[in-house]
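Asker: Below is start32.txt; it holds compact mmCIF, C-alpha atoms and all ligand atoms.
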```txt
# COMPACT_ATOMS: atom_id res chain seq x y z
CA MET A 1 -22.68 19.98 10.53
CA ALA A 2 -23.40 17.28 7.92
CA SER A 3 -21.07 14.28 7.86
CA LYS A 4 -18.33 14.28 5.27
CA SER A 5 -18.43 11.71 2.47
CA ALA A 6 -15.39 9.77 1.33
CA LEU A 7 -14.99 7.57 -1.72
CA ILE A 8 -12.33 4.87 -1.37
CA THR A 9 -11.11 2.86 -4.35
CA GLY A 10 -9.38 -0.37 -3.31
CA ILE A 11 -11.54 -0.69 -0.18
CA THR A 12 -11.19 -4.50 -0.18
CA GLY A 13 -7.38 -4.28 0.06
CA GLN A 14 -5.14 -3.94 3.11
CA ASP A 15 -5.08 -0.14 3.27
CA GLY A 16 -8.63 0.42 2.00
CA SER A 17 -10.12 -1.69 4.77
CA TYR A 18 -8.14 0.03 7.55
CA LEU A 19 -8.89 3.46 6.08
CA ALA A 20 -12.63 2.69 5.88
CA GLU A 21 -12.65 1.68 9.57
CA SER A 22 -10.77 4.82 10.52
CA LEU A 23 -13.09 7.15 8.55
CA LEU A 24 -16.22 5.46 9.95
CA SER A 25 -14.89 6.06 13.45
CA LYS A 26 -14.57 9.77 12.56
CA GLY A 27 -18.23 9.89 11.43
CA TYR A 28 -17.71 9.89 7.65
CA ASN A 29 -20.17 8.40 5.17
CA VAL A 30 -17.93 5.89 3.45
CA TYR A 31 -18.37 4.68 -0.13
CA GLY A 32 -16.18 1.93 -1.51
CA LEU A 33 -15.57 1.10 -5.14
CA VAL A 34 -15.51 -2.67 -5.67
CA ARG A 35 -14.89 -4.45 -8.96
CA ARG A 36 -16.73 -7.58 -9.96
CA LEU A 37 -14.83 -10.83 -9.36
CA SER A 38 -16.29 -14.30 -9.95
CA SER A 39 -15.66 -14.96 -6.28
CA PRO A 40 -15.99 -11.81 -4.16
CA ASN A 41 -12.98 -10.79 -2.11
CA ILE A 42 -14.53 -9.02 0.86
CA SER A 43 -12.93 -10.71 3.86
CA ASN A 44 -11.08 -7.52 4.91
CA ILE A 45 -14.31 -5.49 4.99
CA GLU A 46 -16.62 -8.22 6.29
CA PRO A 47 -17.00 -6.61 9.76
CA ILE A 48 -17.95 -3.20 8.27
CA ARG A 49 -19.77 -4.21 5.09
CA HIS A 50 -23.13 -3.00 6.39
CA SER A 51 -21.68 0.35 7.48
CA VAL A 52 -20.24 1.29 4.09
CA GLU A 53 -21.93 1.81 0.74
CA ILE A 54 -20.45 -0.45 -1.91
CA LEU A 55 -20.42 0.92 -5.46
CA ASP A 56 -19.70 -1.31 -8.47
CA GLY A 57 -16.82 -0.08 -10.57
CA ASP A 58 -13.43 -0.72 -12.05
CA LEU A 59 -10.51 1.65 -12.65
CA ILE A 60 -10.46 0.35 -16.23
CA ASP A 61 -14.00 1.57 -16.89
CA GLN A 62 -14.55 5.36 -17.14
CA SER A 63 -18.36 5.31 -16.96
CA SER A 64 -18.35 3.29 -13.73
CA LEU A 65 -16.00 5.85 -12.18
CA ASN A 66 -18.21 8.75 -13.31
CA GLN A 67 -21.20 7.00 -11.73
CA ALA A 68 -19.35 6.28 -8.48
CA VAL A 69 -18.33 9.94 -8.11
CA LEU A 70 -21.84 11.15 -8.99
CA GLN A 71 -23.45 8.77 -6.52
CA SER A 72 -21.10 9.42 -3.61
CA GLN A 73 -20.65 13.19 -4.11
CA PRO A 74 -17.43 12.87 -2.11
CA ASP A 75 -15.69 15.52 -0.06
CA GLU A 76 -12.61 13.30 -0.15
CA VAL A 77 -11.47 10.66 -2.65
CA TYR A 78 -8.80 8.12 -1.70
CA ASN A 79 -7.40 6.35 -4.76
CA LEU A 80 -5.94 3.18 -3.28
CA ALA A 81 -6.90 0.73 -6.03
CA ALA A 82 -4.04 -0.62 -8.10
CA GLN A 83 -2.42 -3.73 -9.47
CA SER A 84 -0.11 -3.39 -6.50
CA PHE A 85 2.17 -6.43 -6.68
CA VAL A 86 5.56 -5.61 -8.23
CA GLY A 87 6.24 -9.24 -9.20
CA THR A 88 3.03 -9.49 -11.24
CA SER A 89 3.76 -6.18 -12.94
CA PHE A 90 6.65 -7.84 -14.80
CA LYS A 91 4.30 -10.57 -16.05
CA GLN A 92 1.33 -8.29 -16.80
CA PRO A 93 2.92 -4.91 -17.59
CA ALA A 94 0.18 -3.56 -19.85
CA LEU A 95 -2.59 -4.48 -17.41
CA THR A 96 -0.60 -2.84 -14.62
CA GLY A 97 -0.31 0.31 -16.71
CA GLU A 98 -4.04 0.27 -17.52
CA ILE A 99 -5.08 0.00 -13.88
CA THR A 100 -2.34 1.70 -11.91
CA ALA A 101 -1.43 4.51 -14.33
CA LEU A 102 -4.41 5.18 -16.64
CA GLY A 103 -6.91 4.14 -13.95
CA THR A 104 -5.69 7.05 -11.83
CA LEU A 105 -6.10 9.43 -14.77
CA ARG A 106 -9.65 8.17 -15.35
CA LEU A 107 -10.55 8.75 -11.71
CA LEU A 108 -9.02 12.24 -11.78
CA GLU A 109 -11.15 13.02 -14.83
CA ALA A 110 -14.30 11.66 -13.17
CA VAL A 111 -13.62 13.88 -10.16
CA ARG A 112 -12.82 16.90 -12.35
CA SER A 113 -16.18 16.52 -14.12
CA HIS A 114 -18.45 15.54 -11.26
CA ALA A 115 -16.92 16.66 -7.93
CA PRO A 116 -14.21 19.20 -8.78
CA HIS A 117 -14.00 20.51 -5.21
CA ALA A 118 -13.32 17.09 -3.69
CA ARG A 119 -9.90 16.54 -2.13
CA PHE A 120 -8.03 13.71 -3.86
CA TYR A 121 -5.43 11.41 -2.25
CA GLN A 122 -3.18 9.37 -4.53
CA ALA A 123 -1.45 6.23 -3.20
CA SER A 124 2.00 6.94 -4.54
CA SER A 125 4.86 4.65 -3.69
CA SER A 126 8.50 4.51 -2.65
CA GLU A 127 8.88 2.08 -5.59
CA MET A 128 9.02 5.27 -7.70
CA PHE A 129 12.49 5.96 -6.21
CA GLY A 130 13.66 2.52 -7.39
CA GLN A 131 17.39 2.64 -8.08
CA VAL A 132 18.12 5.21 -5.43
CA GLY A 133 20.88 7.77 -5.75
CA GLU A 134 20.62 9.11 -2.21
CA GLU A 135 19.62 7.88 1.22
CA PRO A 136 17.25 8.49 2.90
CA GLN A 137 14.68 9.42 0.25
CA ASP A 138 12.33 12.36 0.72
CA GLU A 139 9.93 14.53 -1.33
CA THR A 140 12.84 16.06 -3.28
CA THR A 141 14.51 12.77 -4.31
CA GLY A 142 14.44 11.95 -8.04
CA PHE A 143 12.65 8.89 -9.42
CA HIS A 144 14.23 5.91 -11.18
CA PRO A 145 11.52 3.20 -11.19
CA ARG A 146 12.68 -0.40 -11.65
CA SER A 147 9.44 -2.22 -12.53
CA PRO A 148 6.33 -1.73 -14.68
CA TYR A 149 4.54 -1.07 -11.39
CA GLY A 150 7.01 1.68 -10.45
CA VAL A 151 6.72 3.21 -13.92
CA ALA A 152 2.91 3.20 -13.68
CA LYS A 153 3.02 4.88 -10.25
CA VAL A 154 5.32 7.61 -11.61
CA TYR A 155 2.78 8.30 -14.38
CA ALA A 156 -0.04 8.47 -11.83
CA TYR A 157 2.01 10.76 -9.57
CA TRP A 158 2.58 13.26 -12.40
CA ALA A 159 -1.03 13.00 -13.61
CA CYS A 160 -2.06 14.08 -10.11
CA ILE A 161 0.34 17.02 -10.05
CA ASN A 162 -0.80 18.03 -13.53
CA HIS A 163 -4.46 18.08 -12.43
CA ARG A 164 -3.46 20.17 -9.42
CA GLU A 165 -1.60 22.69 -11.58
CA ALA A 166 -3.85 22.74 -14.66
CA TYR A 167 -7.28 22.71 -12.98
CA SER A 168 -6.53 23.97 -9.45
CA MET A 169 -7.82 20.72 -7.99
CA PHE A 170 -6.88 19.66 -4.45
CA VAL A 171 -4.76 16.61 -5.28
CA SER A 172 -2.05 15.26 -2.96
CA ASN A 173 0.37 12.36 -3.25
CA GLY A 174 1.32 10.26 -0.24
CA ILE A 175 4.66 8.67 -1.19
CA LEU A 176 4.47 5.78 1.22
CA PHE A 177 7.17 3.26 2.00
CA ASN A 178 6.23 -0.38 2.61
CA HIS A 179 3.60 -0.88 5.27
CA GLU A 180 2.38 -4.24 6.39
CA SER A 181 -0.16 -5.96 8.63
CA PRO A 182 -1.92 -9.29 9.08
CA ARG A 183 -4.18 -8.12 6.20
CA ARG A 184 -1.28 -8.02 3.73
CA GLY A 185 -1.78 -10.19 0.62
CA LEU A 186 -0.06 -13.57 0.89
CA GLU A 187 2.29 -12.90 -2.04
CA PHE A 188 4.08 -9.95 -0.37
CA VAL A 189 7.27 -10.96 1.38
CA THR A 190 6.38 -10.05 4.99
CA ARG A 191 3.10 -11.97 4.93
CA LYS A 192 4.67 -14.82 2.99
CA ILE A 193 7.25 -15.10 5.77
CA SER A 194 4.84 -14.72 8.71
CA HIS A 195 2.47 -17.25 7.16
CA GLY A 196 5.29 -19.66 6.27
CA VAL A 197 6.88 -19.48 9.72
CA ALA A 198 3.56 -20.16 11.46
CA GLN A 199 3.01 -23.18 9.22
CA ILE A 200 6.51 -24.48 10.02
CA ALA A 201 6.11 -23.86 13.77
CA GLN A 202 2.91 -25.86 13.77
CA GLY A 203 4.29 -28.74 11.71
CA LYS A 204 2.14 -27.94 8.66
CA ALA A 205 5.08 -27.13 6.36
CA ASP A 206 8.78 -27.93 6.38
CA HIS A 207 10.30 -25.21 4.18
CA LEU A 208 9.92 -21.67 2.87
CA VAL A 209 11.19 -20.59 -0.55
CA LEU A 210 12.02 -16.91 -1.02
CA GLY A 211 13.92 -14.77 -3.53
CA ASN A 212 16.50 -12.08 -2.73
CA LEU A 213 17.18 -12.11 1.01
CA ASN A 214 19.48 -9.08 0.80
CA ALA A 215 16.85 -6.55 -0.33
CA LYS A 216 16.25 -3.80 2.25
CA ARG A 217 12.95 -2.14 2.98
CA ASP A 218 11.59 0.52 5.32
CA TRP A 219 8.68 -1.44 6.82
CA GLY A 220 5.93 0.22 8.88
CA TYR A 221 2.52 -0.77 10.23
CA ALA A 222 -0.42 -0.16 7.87
CA PRO A 223 -3.02 1.29 10.33
CA GLU A 224 -0.59 4.14 11.11
CA TYR A 225 -0.13 4.87 7.40
CA VAL A 226 -3.86 5.22 6.67
CA ASP A 227 -3.95 7.86 9.41
CA LEU A 228 -1.29 9.72 7.42
CA MET A 229 -3.49 9.57 4.29
CA TRP A 230 -6.30 11.28 6.17
CA ARG A 231 -3.96 13.90 7.66
CA ILE A 232 -2.63 14.70 4.18
CA LEU A 233 -6.15 15.61 3.02
CA GLN A 234 -6.82 17.75 6.13
CA HIS A 235 -3.76 19.94 5.43
CA PRO A 236 -4.79 23.43 4.21
CA THR A 237 -2.91 23.05 0.92
CA ALA A 238 -2.50 20.17 -1.53
CA GLU A 239 1.06 18.90 -1.18
CA ASP A 240 3.03 15.68 -1.45
CA PHE A 241 4.35 13.84 1.60
CA VAL A 242 6.64 10.90 2.28
CA GLY A 243 5.49 8.34 4.88
CA ALA A 244 8.21 6.11 6.33
CA THR A 245 9.79 4.90 9.58
CA GLY A 246 13.33 6.00 8.66
CA GLU A 247 14.69 2.50 9.44
CA SER A 248 15.50 -0.19 6.93
CA HIS A 249 16.05 -3.92 7.36
CA THR A 250 16.85 -6.81 5.04
CA VAL A 251 14.46 -9.59 4.13
CA ARG A 252 16.94 -11.89 5.95
CA GLU A 253 16.50 -9.87 9.18
CA PHE A 254 12.72 -10.18 8.82
CA VAL A 255 13.07 -13.96 8.47
CA GLU A 256 15.41 -14.24 11.48
CA GLU A 257 13.11 -12.18 13.69
CA ALA A 258 9.99 -14.07 12.55
CA PHE A 259 11.53 -17.45 13.37
CA LYS A 260 12.56 -16.08 16.77
CA VAL A 261 9.01 -14.91 17.53
CA ALA A 262 7.62 -18.30 16.45
CA GLY A 263 10.12 -20.09 18.70
CA VAL A 264 11.77 -22.04 15.86
CA ALA A 265 15.58 -22.32 16.02
CA ASP A 266 17.98 -22.62 13.05
CA TRP A 267 15.99 -20.77 10.39
CA GLU A 268 18.61 -21.58 7.71
CA GLU A 269 17.47 -25.20 7.79
CA TYR A 270 14.03 -24.21 6.54
CA VAL A 271 14.61 -21.28 4.18
CA THR A 272 15.96 -21.43 0.64
CA SER A 273 16.35 -18.81 -2.07
CA ASP A 274 15.15 -19.51 -5.60
CA GLU A 275 15.42 -17.65 -8.93
CA ARG A 276 11.62 -17.93 -9.36
CA PHE A 277 11.12 -15.27 -6.70
CA ARG A 278 13.77 -12.86 -7.99
CA ARG A 279 12.81 -9.92 -10.17
CA PRO A 280 14.23 -8.97 -13.58
CA ALA A 281 15.21 -5.63 -12.01
CA GLU A 282 15.40 -5.29 -8.24
CA VAL A 283 15.00 -2.34 -5.88
CA TYR A 284 17.80 -3.11 -3.44
CA ASN A 285 17.42 -0.50 -0.76
CA LEU A 286 14.67 1.87 0.36
CA ARG A 287 14.71 4.09 3.44
CA GLY A 288 12.51 7.15 3.83
CA ASN A 289 12.71 10.48 5.58
CA ALA A 290 9.23 11.53 6.78
CA SER A 291 10.27 14.71 8.56
CA LYS A 292 7.95 16.86 6.39
CA ALA A 293 4.93 14.80 7.51
CA GLN A 294 6.10 15.02 11.09
CA ARG A 295 6.61 18.79 10.92
CA LEU A 296 3.45 19.80 9.02
CA LEU A 297 1.00 17.02 9.90
CA GLY A 298 2.22 15.88 13.33
CA TRP A 299 2.57 12.33 11.99
CA SER A 300 5.18 9.90 13.20
CA PRO A 301 4.88 6.13 13.17
CA THR A 302 5.38 4.35 16.48
CA THR A 303 5.40 0.65 15.48
CA ARG A 304 9.02 -0.30 14.86
CA PHE A 305 10.48 -3.31 13.03
CA ARG A 306 10.49 -5.88 15.85
CA SER A 307 6.96 -5.00 17.00
CA LEU A 308 5.71 -5.26 13.42
CA VAL A 309 7.21 -8.73 12.98
CA ARG A 310 5.69 -9.78 16.29
CA ILE A 311 2.21 -8.48 15.35
CA MET A 312 2.30 -10.34 12.05
CA VAL A 313 3.68 -13.65 13.32
CA LYS A 314 1.41 -13.75 16.38
CA ALA A 315 -1.68 -13.07 14.24
CA GLU A 316 -0.66 -15.83 11.85
CA MET A 317 0.03 -18.32 14.66
CA GLU A 318 -3.45 -17.70 16.07
CA GLN A 319 -5.08 -18.06 12.68
CA THR A 320 -3.12 -21.17 11.72
CA SER A 321 -3.77 -22.92 15.03
CA GLY A 322 -7.52 -22.35 14.58
CA LYS A 323 -7.54 -24.28 11.28
P1 LIG B 1 -3.84 -4.20 -2.04
O1 LIG B 1 -4.09 -4.87 -0.73
O2 LIG B 1 -3.23 -4.98 -3.16
O3 LIG B 1 -5.24 -3.60 -2.53
C1 LIG B 1 -5.43 -3.18 -3.85
C2 LIG B 1 -6.90 -2.87 -4.06
O4 LIG B 1 -7.09 -2.42 -5.42
C3 LIG B 1 -7.85 -4.05 -3.86
O5 LIG B 1 -9.00 -3.60 -3.19
C4 LIG B 1 -8.19 -4.45 -5.29
O6 LIG B 1 -9.46 -5.07 -5.42
C5 LIG B 1 -8.24 -3.07 -5.94
N1 LIG B 1 -8.16 -3.14 -7.40
C6 LIG B 1 -7.23 -3.77 -8.15
N2 LIG B 1 -7.49 -3.59 -9.46
C7 LIG B 1 -8.61 -2.84 -9.53
C8 LIG B 1 -9.39 -2.34 -10.62
N3 LIG B 1 -9.06 -2.58 -11.89
N4 LIG B 1 -10.47 -1.58 -10.34
C9 LIG B 1 -10.82 -1.34 -9.05
N5 LIG B 1 -10.16 -1.83 -7.98
C10 LIG B 1 -9.05 -2.56 -8.23
O7 LIG B 1 -2.92 -2.90 -1.84
P2 LIG B 1 -2.57 -2.10 -0.50
O8 LIG B 1 -1.34 -2.67 0.10
O9 LIG B 1 -3.79 -1.91 0.32
O10 LIG B 1 -2.11 -0.70 -1.12
C11 LIG B 1 -3.06 0.33 -1.39
C12 LIG B 1 -2.49 1.28 -2.42
O11 LIG B 1 -1.28 1.86 -1.94
C13 LIG B 1 -2.11 0.63 -3.75
O12 LIG B 1 -2.36 1.59 -4.77
C14 LIG B 1 -0.62 0.38 -3.63
O13 LIG B 1 -0.03 0.33 -4.91
C15 LIG B 1 -0.21 1.61 -2.83
N6 LIG B 1 0.96 1.46 -1.98
C16 LIG B 1 1.03 0.45 -1.08
C17 LIG B 1 2.11 0.36 -0.23
C18 LIG B 1 2.21 -0.76 0.77
O14 LIG B 1 3.30 -0.98 1.28
N7 LIG B 1 1.12 -1.43 1.10
C19 LIG B 1 3.12 1.33 -0.28
C20 LIG B 1 3.00 2.38 -1.19
C21 LIG B 1 1.91 2.45 -2.03
P3 LIG B 1 -9.68 -6.68 -5.42
O15 LIG B 1 -9.99 -7.03 -4.01
O16 LIG B 1 -10.81 -6.83 -6.35
O17 LIG B 1 -8.40 -7.29 -5.93
N1 LIG B 2 7.09 -10.88 -2.80
C1 LIG B 2 8.26 -11.44 -2.53
N2 LIG B 2 8.34 -12.80 -2.42
N3 LIG B 2 9.34 -10.64 -2.36
C2 LIG B 2 10.51 -11.23 -2.03
C3 LIG B 2 10.65 -12.63 -1.90
C4 LIG B 2 9.51 -13.45 -2.12
O1 LIG B 2 9.55 -14.65 -2.04
N4 LIG B 2 11.93 -12.88 -1.56
C5 LIG B 2 12.56 -11.73 -1.50
N5 LIG B 2 11.71 -10.71 -1.79
C6 LIG B 2 12.06 -9.27 -1.86
C7 LIG B 2 11.61 -8.57 -3.15
O2 LIG B 2 12.53 -8.89 -4.21
C8 LIG B 2 11.65 -7.12 -2.70
O3 LIG B 2 12.97 -6.63 -2.79
C9 LIG B 2 11.26 -7.19 -1.22
O4 LIG B 2 11.38 -8.58 -0.84
C10 LIG B 2 9.84 -6.71 -0.92
O5 LIG B 2 8.95 -7.33 -1.83
P1 LIG B 2 7.35 -7.19 -1.66
O6 LIG B 2 6.94 -7.58 -0.29
O7 LIG B 2 6.73 -7.92 -2.81
O8 LIG B 2 7.09 -5.63 -1.75
P2 LIG B 2 7.68 -4.49 -2.70
O9 LIG B 2 8.64 -3.69 -1.90
O10 LIG B 2 8.14 -5.04 -3.99
O11 LIG B 2 6.37 -3.62 -3.01
C11 LIG B 2 5.49 -3.24 -1.93
O12 LIG B 2 5.88 -2.00 -1.41
C12 LIG B 2 5.78 -0.89 -2.32
C13 LIG B 2 6.27 0.34 -1.57
O13 LIG B 2 7.66 0.43 -1.66
C14 LIG B 2 4.07 -3.20 -2.51
O14 LIG B 2 3.17 -3.01 -1.45
C15 LIG B 2 3.90 -2.05 -3.48
O15 LIG B 2 2.52 -1.95 -3.86
C16 LIG B 2 4.34 -0.77 -2.77
O16 LIG B 2 4.20 0.33 -3.62
```
Rewrite the structure from the file as structure tokens, please.
Answerer:
Amino acid sequence: MASKSALITGITGQDGSYLAESLLSKGYNVYGLVRRLSSPNISNIEPIRHSVEILDGDLIDQSSLNQAVLQSQPDEVYNLAAQSFVGTSFKQPALTGEITALGTLRLLEAVRSHAPHARFYQASSSEMFGQVGEEPQDETTGFHPRSPYGVAKVYAYWACINHREAYSMFVSNGILFNHESPRRGLEFVTRKISHGVAQIAQGKADHLVLGNLNAKRDWGYAPEYVDLMWRILQHPTAEDFVGATGESHTVREFVEEAFKVAGVADWEEYVTSDERFRRPAEVYNLRGNASKAQRLLGWSPTTRFRSLVRIMVKAEMEQTSGK
């Protein structure tokens, strides 16, 4: 049987790079959409760059998406590209809407025109739940987004469902809670902490400035979540699934654990909280219920909070000591 083809948008990001590795190991032909930057950002895909086909394109540009779909003739499309940082979405709300909301619609339209039988995965987010009215959150929980990013993801979510209903396309949303790894961007809180702690432990920094230490998140390990994306597209019907660990912890707990792993006592002496890193509207508490994914897809994450912190801090200590 011929190998399947997959088109991944956002292949240079945390999830895109892990997903590409996973699909290559399953024998897929992998195509990755990459936008032009003045200085290319390909460190996450450096080890596999000769095994994947890079296609130029941008979620803002319809013709580049049409071309990418035509060229890759995908069996599966994973739409992971986004302006994904909530903090920036408050400063660049219209750009976030262009990329994260309308970009998804453009890609859906490209697929509808040029590969209508492809299966489409949308990277939906627990940020859509926002100001939560119930805990834990699952596929039936209502949305109350609290940032331009969350609003854009709600638009994209409904655009996907509309394409499924209006055109009978196979389009599924993975509503994933936070998932982290050593490949996380430096501005996200877990990586900011693991990086900062490693710097402090090695005498290269003497403080770490954060925002709201009381926010709670359901943090999992990214490689396990890209496996869920693939499972969602192998399911016989197009449906939406939550991906989460079911456990939530505060940013403060993450800091405490990270300092412990790095062997630095008295974390309060190094960490301060500053308005600069607080958001105009905050999502205080997210905790997911992934029992549908467990029941129908056999998916359950195994990396728990303390192991995740350990993986991230250890990786950072190794990297920092090499510099
Ligand atoms: P990430 O590391 O920030 O990666 C985002 C990717 O999108 C990068 O490859 C980036 O390319 C690309 N991109 C940004 N703007 C683009 C544009 N205009 N055209 C084409 N590509 C563009 O994000 P991630 O953590 O891997 O997350 C993957 C997806 O899942 C995102 O949609 C995110 O919103 C969603 N999500 C993430 C989580 C999580 O906890 N990680 C949870 C739920 C949902 P450059 O390298 O050029 O910047
Ligand atoms: N980034 C950041 N920096 N966040 C901080 C800081 C800080 O210095 N201090 C406290 N926080 C708090 C934020 O206010 C938020 O409540 C929490 O830490 C997590 O922030 P991020 O790591 O930036 O992630 P996020 O939860 O806002 O968004 C991530 O997860 C979503 C899924 O729920 C992103 O990956 C989104 O793309 C994703 O959809």
Asker: Find, counting all atoms listed in the file, the residue in A:Gly211, A:Gly220, A:Pro116, A:Pro301 that gets nearest to Thr272 in chain A.
Answerer: A:Gly211
Asker: Work out how far CA of Pro93 in chain A is from CA of His249 in chain A, in Å to one decimal.
Answerer: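 Separation of CA of His249 in chain A and CA of Pro93 in chain A: 28.2 Å.
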Asker: Per residue of chain A within 7 Å of ligand LIG 2 (chain B), what are the shortest atom pair and its distance in Å to one decimal, counting all atoms listed in the file, with rows by chain and residue number, as a tab-separated table?
Answerer:
```
residue	atom	partner	partner_atom	distance
A:Ser84	CA	B:LIG2	O15	4.0
A:Phe85	CA	B:LIG2	O15	5.3
A:Val86	CA	B:LIG2	O10	5.0
A:Gly87	CA	B:LIG2	O7	6.5
A:Ser125	CA	B:LIG2	O16	4.4
A:Ser126	CA	B:LIG2	O13	4.3
A:Glu127	CA	B:LIG2	O13	4.4
A:Leu176	CA	B:LIG2	C13	6.4
A:Phe177	CA	B:LIG2	O13	4.7
A:Asn178	CA	B:LIG2	C13	4.2
A:Glu187	CA	B:LIG2	N1	5.3
A:Phe188	CA	B:LIG2	O6	3.7
A:Val189	CA	B:LIG2	O6	3.8
A:Thr190	CA	B:LIG2	O6	5.9
A:Lys192	CA	B:LIG2	N2	6.8
A:Val209	CA	B:LIG2	O1	6.3
A:Leu210	CA	B:LIG2	O1	3.5
A:Gly211	CA	B:LIG2	N4	3.4
A:Asn212	CA	B:LIG2	C5	4.1
A:Leu213	CA	B:LIG2	C5	5.3
A:Ala215	CA	B:LIG2	O3	4.6
A:Lys216	CA	B:LIG2	O3	6.6
A:Arg217	CA	B:LIG2	O9	6.7
A:Val251	CA	B:LIG2	O4	5.9
A:Phe277	CA	B:LIG2	O1	5.0
A:Arg278	CA	B:LIG2	O2	5.6
A:Arg279	CA	B:LIG2	O2	6.1
A:Glu282	CA	B:LIG2	O3	6.1
A:Val283	CA	B:LIG2	O3	5.7
A:Tyr284	CA	B:LIG2	O3	6.0
```
Asker: Compute the distance from (12.8, 15.1, 1.8) to each atom, counting only C-alpha atoms, keep the residues with any atom at most 12 Å away, and return them as a tab-separated table (two decimals) with C-alpha atoms, keeping the file's coordinate frame; use the coordinates of the file.
Answerer:
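Generated output (result_15.tsv):
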```tsv
chain	number	residue	atom	x	y	z
A	134	GLU	CA	20.62	9.11	-2.21
A	135	GLU	CA	19.62	7.88	1.22
A	136	PRO	CA	17.25	8.49	2.90
A	137	GLN	CA	14.68	9.42	0.25
A	138	ASP	CA	12.33	12.36	0.72
A	139	GLU	CA	9.93	14.53	-1.33
A	140	THR	CA	12.84	16.06	-3.28
A	141	THR	CA	14.51	12.77	-4.31
A	142	GLY	CA	14.44	11.95	-8.04
A	175	ILE	CA	4.66	8.67	-1.19
A	240	ASP	CA	3.03	15.68	-1.45
A	241	PHE	CA	4.35	13.84	1.60
A	242	VAL	CA	6.64	10.90	2.28
A	243	GLY	CA	5.49	8.34	4.88
A	244	ALA	CA	8.21	6.11	6.33
A	246	GLY	CA	13.33	6.00	8.66
A	287	ARG	CA	14.71	4.09	3.44
A	288	GLY	CA	12.51	7.15	3.83
A	289	ASN	CA	12.71	10.48	5.58
A	290	ALA	CA	9.23	11.53	6.78
A	291	SER	CA	10.27	14.71	8.56
A	292	LYS	CA	7.95	16.86	6.39
A	293	ALA	CA	4.93	14.80	7.51
A	294	GLN	CA	6.10	15.02	11.09
A	295	ARG	CA	6.61	18.79	10.92
```
Asker: Using all atoms listed in the file, which protein or nucleic acid residues are at most 7 Å from ligand LIG 1 (chain B), as a PyMOL selection string?
Answerer: chain A and resi 9-16+33-37+41-42+57-60+79-85+99+123-126+175-180+184-185
Asker: Could you write out the selected residues, including C-alpha atoms, as a short mmCIF file (atom, residue, chain, number, x, y, z; two decimals), in the frame of the given file?
Answerer:
```cif
data_model
loop_
_atom_site.label_atom_id
_atom_site.label_comp_id
_atom_site.auth_asym_id
_atom_site.auth_seq_id
_atom_site.Cartn_x
_atom_site.Cartn_y
_atom_site.Cartn_z
CA THR A 9 -11.11 2.86 -4.35
CA GLY A 10 -9.38 -0.37 -3.31
CA ILE A 11 -11.54 -0.69 -0.18
CA THR A 12 -11.19 -4.50 -0.18
CA GLY A 13 -7.38 -4.28 0.06
CA GLN A 14 -5.14 -3.94 3.11
CA ASP A 15 -5.08 -0.14 3.27
CA GLY A 16 -8.63 0.42 2.00
CA LEU A 33 -15.57 1.10 -5.14
CA VAL A 34 -15.51 -2.67 -5.67
CA ARG A 35 -14.89 -4.45 -8.96
CA ARG A 36 -16.73 -7.58 -9.96
CA LEU A 37 -14.83 -10.83 -9.36
CA ASN A 41 -12.98 -10.79 -2.11
CA ILE A 42 -14.53 -9.02 0.86
CA GLY A 57 -16.82 -0.08 -10.57
CA ASP A 58 -13.43 -0.72 -12.05
CA LEU A 59 -10.51 1.65 -12.65
CA ILE A 60 -10.46 0.35 -16.23
CA ASN A 79 -7.40 6.35 -4.76
CA LEU A 80 -5.94 3.18 -3.28
CA ALA A 81 -6.90 0.73 -6.03
CA ALA A 82 -4.04 -0.62 -8.10
CA GLN A 83 -2.42 -3.73 -9.47
CA SER A 84 -0.11 -3.39 -6.50
CA PHE A 85 2.17 -6.43 -6.68
CA ILE A 99 -5.08 0.00 -13.88
CA ALA A 123 -1.45 6.23 -3.20
CA SER A 124 2.00 6.94 -4.54
CA SER A 125 4.86 4.65 -3.69
CA SER A 126 8.50 4.51 -2.65
CA ILE A 175 4.66 8.67 -1.19
CA LEU A 176 4.47 5.78 1.22
CA PHE A 177 7.17 3.26 2.00
CA ASN A 178 6.23 -0.38 2.61
CA HIS A 179 3.60 -0.88 5.27
CA GLU A 180 2.38 -4.24 6.39
CA ARG A 184 -1.28 -8.02 3.73
CA GLY A 185 -1.78 -10.19 0.62
#
```
Asker: Would you list the contacts of Ile161 in chain A as a list in words, taking every protein, DNA or RNA residue within 12 Å and counting all atoms listed in the file, but skipping same-chain residues closer than 4 positions in sequence?
Answerer: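 The filter keeps Thr104, Leu105, Leu108, Phe120, Tyr121, Gln122, Ser124, Val154, Tyr155, Ala156, Tyr157, Glu165, Ala166, Tyr167, Ser168, Met169, Phe170, Val171, Ser172, Asn173, Gly174, Ala238, Glu239 and Asp240 of chain A.
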Asker: Please report the interatomic distance between CA of Tyr18 in chain A and CA of Val261 in chain A in Å with one decimal.
Answerer: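 Straight-line distance from CA of Tyr18 in chain A to CA of Val261 in chain A works out to 24.8 Å.
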Asker: Ranking A:Arg231, A:Arg276, A:His114, A:Arg310 by minimum distance to Glu256 in chain A and counting only C-alpha atoms, which one comes first?
Answerer: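 Of A:Arg231, A:Arg276, A:His114, A:Arg310, the one nearest Glu256 in chain A, counting only C-alpha atoms, is A:Arg310.
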Asker: List the neighbours of Phe259 in chain A out to 7 Å using all atoms listed in the file; skip same-chain residues closer than 6 positions along the sequence, and give me the result as a list in words.
Answerer: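 My list of contacting residues is Val197, Ala265 and Trp267 of chain A.
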Asker: Give me, please, the distance in Å between CA of Thr237 in chain A and CA of Leu296 in chain A, quoted to one decimal.
Answerer: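 Taking CA of Thr237 in chain A as the start and CA of Leu296 in chain A as the end point, the length is 10.8 Å.
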